[in-house]
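Below is one structure, written out as structure tokens, with a few remarks after it.
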Amino acid sequence: RALELETVNWLIRNVVGYVVFAAIVLLQTDIRRALVHFGRAPFFKYLRRVEADEDSIEELVVALETLAARRTGALVIVERGIGLRNHIESGIPLDARLTYDLIVSIFQPTSPLHDGAAIVQGDRIAAAACFLPLSVNPKLARELGSRHRAALGVTEENDAVALVVSEEPGSVSLVLDGKIERGLTPDKLRWRLRSLIKRTQARPER
């Protein structure tokens, strides 16, 4: 305005809004990851949801080991501090108590819900048949299938815990922060879940 550049002034007033919108669309993945890291700040730990209790962890471990023994593939995502609402909305809402029978039923090959992931919030299964982003990490082993890549993809962008049952080896893997732990025994899986998602009971003051 000071230089009386009317054309430049018009472009700024009419184009800048579209540029900002385009930047958000093009950089949405990076923006989401930045917000995820911001959400991991110590301040937000006081706002986190209630984690799964001991009974829910036991139900989940036994169900996954049963599926592994039957060589039935499964993918379960356990929400922690950062919400998974976008992924939950992509699936079939359940909002049901987490039980052994329900987990095993969801991942039966004849079940219409067996494709995709089941997402756990606290002691409830929020949704099943959820679609997840696949990891694009070029360093991943070629033998990893779509379930493992989806587990890696979702944990690369938030703090969720992903549990994968492999069909061929009949083993259970745990994925956290884009890193995979394969071939977990029931005791090791139980211990890892307790350390990652079980609510820590505050000790009473004397």
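Note on naming: chains are A, B, ... as they come in the structure tokens, residues start from 1 per chain, ligands start from 1 in the order shown.
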
Item to check | Residues near Leu163 in chain A, cut-off 12 Å, only C-alpha atoms, skip fewer than 2 positions along chain, as a PyMOL selection string | outcome: chain A and resi 60-61+63-65+67-68+73-79+117-120+147-152+154-155+160-161+165-166+171-176+179-184+189-190+192-193

Item to check | Filtered DSSP result for range 5-200 of chain A, state helix (DSSP H, G or I), as JSON, numbers by chain | outcome: {"A": [6, 7, 8, 9, 10, 11, 12, 13, 14, 15, 16, 17, 18, 19, 20, 21, 22, 23, 24, 25, 26, 28, 29, 30, 31, 32, 33, 34, 35, 36, 37, 38, 39, 42, 43, 44, 45, 46, 47, 54, 55, 56, 57, 58, 59, 60, 61, 62, 63, 64, 65, 66, 67, 68, 69, 85, 86, 87, 88, 100, 101, 102, 103, 104, 105, 106, 146, 147, 148, 149, 150, 151, 152, 153, 154, 155, 156, 157, 186, 187, 188, 189, 190, 191, 192, 193, 194, 195, 196, 197]}

Checklist entry - Quick one, how far is CA of Glu156 in chain A from CA of Arg97 in chain A? => result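 About the pair CA of Glu156 in chain A and CA of Arg97 in chain A: they are 27.1 Å apart.
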
Next on the checklist: Env of range 81-88 of chain A: 7 Å cut, atoms = only C-alpha atoms, seq-sep filter 5 positions within chain, self excluded. Answer as a list in words.
Outcome noted: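 Listed by chain and then number, they are Arg48, Arg49, Ile119, Ala126, Ala127, Cys130, Phe131, Leu132, Asn158 and Asp159 of chain A.
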
Would you put the residues from that selection into a file with C-alpha atoms, as an mmCIF file, in the first residue's frame?
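The file below, part-v9.cif, is the result:
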```
data_model
loop_
_atom_site.group_PDB
_atom_site.id
_atom_site.type_symbol
_atom_site.label_atom_id
_atom_site.label_comp_id
_atom_site.auth_asym_id
_atom_site.auth_seq_id
_atom_site.Cartn_x
_atom_site.Cartn_y
_atom_site.Cartn_z
ATOM 1 C CA ARG A 48 -4.550 -38.833 29.721
ATOM 2 C CA ARG A 49 -7.331 -41.388 29.667
ATOM 3 C CA ILE A 119 -8.872 -50.458 18.629
ATOM 4 C CA ALA A 126 -14.015 -48.958 20.606
ATOM 5 C CA ALA A 127 -14.184 -50.262 17.024
ATOM 6 C CA CYS A 130 -10.410 -50.010 11.242
ATOM 7 C CA PHE A 131 -8.111 -48.851 8.452
ATOM 8 C CA LEU A 132 -4.615 -47.722 9.432
ATOM 9 C CA ASN A 158 1.367 -41.578 17.975
ATOM 10 C CA ASP A 159 2.110 -43.389 21.228
#
```
